[in-house]
Amino acid sequence: MQTNFSLAQLADPHVAESERILRKCVHCGFCTATCPTYVTLGNELDSPRGRIYLIKDMLENGRPADKEIVTHIDRCLSCLACMTTCPSGVNYMHLVDHARAHIQETYRRPLIDRLTRAMLAVVLPYPSRFRAALRLAGLGRPFVGLFEKLPALKPVAAMLKLAPASIPPASPMASPGTHAGQGAKRGRVAILTGCAQSVLDPAINETTISLLTRLGVEVVVPEGEGCCGALVHHMGREAAALASARQNVDAWTRAIDQGGLDAIIITASGCGTTIKDYGFMLRLDPAYAEKAARVSSLAKDITEYLAALDLPEPVRKPGTIVAYHSACSMQHGQKITRQPKELLAKAGFVVREPREGHLCCGSAGTYNILQPEISAKLRDRKVKNIEATGAEIVATGNIGCITQIASAAKLPVVHTIKLLDWAYGGPKPEGVSDAKLVAAE
Ligand code: SF4
Ligand code: SF4
């Protein structure tokens with residue numbers, strides 16, 4: 001694609017990067033076929049190609065964002081299916097991240113939208129605030145119907161509908177410390193405790209630590225870790241996202257200096273995509289560029305790490321049929337497609353893949369709150385495809401997808417690690433009935 005940026009514009013490294021990306025796009029439109037918003041809405045401006053044109057026009061003319069571009073960029077899920085499909089290697093992720101930051105800087109949103117976004121940014125990344133907000137959600141639940149009738153309050157209704165009725169207690173295993181591996185030492189890793197997942201389902205990381213230590217891997221929960229920054233990053237709040245990235249880079253660098261790390265284990269693929277991008281996000285910061293690149297190179301999804309471990313034979317031989325839902329951040333963001341399915345199959349599960357597996361479930365960070373209508377359409381489509389597999393359980397590797405799919409599916413939805421842990425001798429995952437998990441021992 002031809003571009004027309006001035007030399008002065010290209011002196012801004014963010015613009016220069018976007019220009020490089022734009023020039024790779026050959027307008028072929030292959031990406032439209034796999035874009036969930038184009039498939040759902042049928043509008044070229046809600047396709048990757050349409051958004052690329054809008055971003056190009058906004059950046060080239062150096063003008064503030066307007067309502068039209070904000071509407072179409074806000075509808076983008078950042079699912080990155082377009083990057084998987086694109087034959088020209090267009091890095092849509094970095095382009096849309098730049099556009100979102102530009103929108104945040106130059107566009108004044110309506111008051112309720114501003115307040116909703118500000119509230120999400122100051123609550124979700126902080127487990128204690130998020131836990132308190134979930135407790136308060138019970139008070140608002142009787143008003144969901146009313147909020148749904150008022151367009152500006154639909155995000156509040158969506159939030160209340162997604163909030164679980166009860167919240168598990170905080171996990172002691174999330175506190176800083178070291179969990180020693182059993183038997184011969186096979187490695188030393190740090191684990192991201194994260195934010196929303198540690199509140200909604202702390203058992204995911206507890207299970208991960210339990211399985212890793214049984215396999216002989218020492219697991220460190222470093223002091224000073226926090227939210228990966230993805231939630232605010234996708235809202236264009238660059239300063240907050242970079243502050244989170246720096247905080248985590250510092251925490252993991254200390255852990256590396258104090259005994260080395262083979263990997264930084266991440267159990268929510270949405271976080272994994274962002275942490276693997278820290279090297280890019282902090283490339284312009286001389287104090288952090290190198291450290292951030294090192295952290296990104298060590299970041300591994302738990303299934304990526306386990307697949308390279310040479311696991312023993314499972315303790316149980318489950319025959320359970322599992323529908324594997326590959327989160328967008330797993331398959332498109334990190335290109336991890338094989339490992340979770342192979343691990344489940346090796347552990348004795350019968351793995352089925354739903355149709356249209358490339359399409360987002362509509363969760364996408366805060367998307368199911370900020371764009372509840374499109375999100376619900378994508379969720380229902382996803383659940384229909386999952387249920388058509390005839391599976392007894394759904395497995396996936398991202399807390400956002402778990403919450404989203406479970407809000408409409410009749411099947412139990414669990415993190416992949418819980419099924420693997422069970423097959424390798426751990427307890428049955430909570431919420432899964434005995435009838436669903438059958439082991440021929
Ligand atoms: S990230 Fe997803 S929703 Fe956004 S343009 Fe690409 S395919 Fe479409
Ligand atoms: S597939 Fe790639 S090159 Fe083709 S229009 Fe989409 S982004 Fe551009």
# chains A, B, ... in the order shown; residues from 1 in each chain; ligands from 1
>>> select_by_dssp(residues="range 214-244 of chain A", states="helix (DSSP H, G or I)", output="list in words")
Arg214, Ala230, Leu231, Val232, His233, Glu238, Ala239, Ala240, Ala241, Leu242, Ala243 and Ser244 of chain A
>>> residues_around(residues="Pro176 in chain A", least_positions_apart="6", cutoff="10 Å", atoms="only C-alpha atoms", output="list in words")
Thr193, Val220, Val221, Pro222, Glu223, Gly224 and Glu225 of chain A
>>> closest_atom_pairs(of="chain A", to="ligand 2", cutoff="8 Å", atoms="only C-alpha atoms and all ligand atoms", output="CSV")
residue,atom,partner,partner_atom_place_in_ligand_line,distance
A:Lys24,CA,ligand 2,3 (S),6.5
A:Cys25,CA,ligand 2,3 (S),3.7
A:Val26,CA,ligand 2,3 (S),4.3
A:His27,CA,ligand 2,5 (S),3.7
A:Cys28,CA,ligand 2,4 (Fe),3.9
A:Gly29,CA,ligand 2,5 (S),3.8
A:Phe30,CA,ligand 2,1 (S),4.4
A:Cys31,CA,ligand 2,1 (S),4.1
A:Thr32,CA,ligand 2,6 (Fe),6.7
A:Pro48,CA,ligand 2,6 (Fe),6.0
A:Arg49,CA,ligand 2,5 (S),4.8
A:Ile52,CA,ligand 2,7 (S),7.4
A:Cys82,CA,ligand 2,6 (Fe),6.5
A:Met83,CA,ligand 2,7 (S),7.1
A:Thr85,CA,ligand 2,1 (S),6.2
A:Cys86,CA,ligand 2,1 (S),3.7
A:Pro87,CA,ligand 2,2 (Fe),5.8
A:Ser88,CA,ligand 2,3 (S),5.0
A:Gly89,CA,ligand 2,2 (Fe),6.6
A:Val90,CA,ligand 2,7 (S),5.3
A:Asn91,CA,ligand 2,7 (S),8.0
A:Tyr92,CA,ligand 2,7 (S),7.0
>>> residues_near_ligand(ligand="ligand 1", cutoff="6 Å", atoms="only C-alpha atoms and all ligand atoms", output="PyMOL selection string")
chain A and resi 35-37+47-48+76-82
>>> atom_distance(atom1="CA of Gln334 in chain A", atom2="CA of Gly272 in chain A")
7.5 Å
>>> residues_around(residues="range 65-68 of chain A", least_positions_apart="5", cutoff="7 Å", atoms="only C-alpha atoms", output="list in words")
Met58, Ile103, Thr106 and Tyr107 of chain A
>>> write_last_selection(atoms="all heavy atoms", output="short mmCIF file (atom, residue, chain, number, x, y, z; two decimals), in the first residue's frame")
data_model
loop_
_atom_site.label_atom_id
_atom_site.label_comp_id
_atom_site.auth_asym_id
_atom_site.auth_seq_id
_atom_site.Cartn_x
_atom_site.Cartn_y
_atom_site.Cartn_z
N MET A 58 -6.30 8.41 9.11
CA MET A 58 -6.19 9.21 10.33
C MET A 58 -4.73 9.59 10.60
O MET A 58 -4.42 10.76 10.88
CB MET A 58 -6.75 8.42 11.52
CG MET A 58 -6.57 9.08 12.87
SD MET A 58 -7.35 8.14 14.21
CE MET A 58 -6.22 6.76 14.39
N ILE A 103 -6.35 7.27 19.56
CA ILE A 103 -7.75 7.57 19.91
C ILE A 103 -7.81 8.07 21.36
O ILE A 103 -8.46 9.07 21.68
CB ILE A 103 -8.64 6.32 19.72
CG1 ILE A 103 -8.82 6.03 18.23
CG2 ILE A 103 -10.00 6.48 20.41
CD1 ILE A 103 -9.49 4.69 17.92
N THR A 106 -6.59 11.63 21.50
CA THR A 106 -7.17 12.72 20.71
C THR A 106 -8.70 12.76 20.69
O THR A 106 -9.27 13.70 20.14
CB THR A 106 -6.69 12.63 19.24
OG1 THR A 106 -7.15 11.39 18.67
CG2 THR A 106 -5.18 12.71 19.13
N TYR A 107 -9.35 11.75 21.26
CA TYR A 107 -10.82 11.71 21.14
C TYR A 107 -11.46 11.79 22.52
O TYR A 107 -11.03 11.11 23.45
CB TYR A 107 -11.24 10.40 20.45
CG TYR A 107 -12.73 10.29 20.21
CD1 TYR A 107 -13.36 11.09 19.26
CD2 TYR A 107 -13.50 9.39 20.94
CE1 TYR A 107 -14.73 10.99 19.04
CE2 TYR A 107 -14.87 9.28 20.73
CZ TYR A 107 -15.47 10.09 19.78
OH TYR A 107 -16.82 10.00 19.57
#
>>> closest_residue(among="A:Gly270, A:Gly216, A:Gly357, A:Pro168", to="Gly194 in chain A", atoms="only C-alpha atoms")
A:Gly270
>>> residues_around(residues="Ala292 in chain A", least_positions_apart="2", cutoff="8 Å", atoms="only C-alpha atoms", output="tab-separated table (two decimals) with C-alpha atoms, in the first residue's frame")
chain	number	residue	atom	x	y	z
A	246	ARG	CA	8.03	-2.26	33.59
A	249	VAL	CA	10.03	-6.83	33.92
A	278	TYR	CA	6.98	-6.49	26.07
A	279	GLY	CA	10.21	-6.42	24.04
A	282	LEU	CA	9.49	-1.16	25.64
A	283	ARG	CA	11.86	-1.04	22.64
A	288	TYR	CA	14.17	-1.46	29.76
A	289	ALA	CA	14.51	-2.53	26.10
A	290	GLU	CA	17.03	-5.31	26.72
A	294	ARG	CA	14.73	-11.11	27.67
A	295	VAL	CA	11.45	-11.41	29.58
A	296	SER	CA	9.51	-11.82	26.32
>>> atom_distance(atom1="CA of His325 in chain A", atom2="CA of Val123 in chain A")
27.8 Å
>>> atom_distance(atom1="CA of Pro412 in chain A", atom2="CA of Ile264 in chain A")
28.4 Å
>>> closest_residue(among="A:Gln2, A:Tyr38, A:Gly140, A:Asp310", to="Ala165 in chain A", atoms="only C-alpha atoms")
A:Gly140
>>> select_by_dssp(residues="range 197-327 of chain A", states="strand (DSSP E)", output="PyMOL selection string")
chain A and resi 217-221+263-266+299-301+321-324
>>> closest_residue(among="A:Asn205, A:Thr303, A:Thr274, A:Thr213", to="Gly365 in chain A", atoms="only C-alpha atoms")
A:Thr274
>>> residues_around(residues="range 113-117 of chain A", least_positions_apart="3", cutoff="9 Å", atoms="only C-alpha atoms", output="number ranges by chain")
A: 108-110, 120-122, 152-153, 155-156, 235, 370
>>> closest_residue(among="A:Ile417, A:Ala268, A:Ile374, A:Ala99", to="Arg63 in chain A", atoms="only C-alpha atoms")
A:Ala99
>>> closest_residue(among="A:Leu139, A:Ala133, A:His234, A:Arg316", to="Pro427 in chain A", atoms="only C-alpha atoms")
A:Arg316
>>> closest_residue(among="A:Val413, A:Ala308, A:Leu420, A:Leu359", to="Gly187 in chain A", atoms="only C-alpha atoms")
A:Ala308
>>> residues_around(residues="Leu134 in chain A", least_positions_apart="4", cutoff="8 Å", atoms="only C-alpha atoms", output="list in words")
Phe130, Gly138, Ala163, Pro164 and Ile167 of chain A
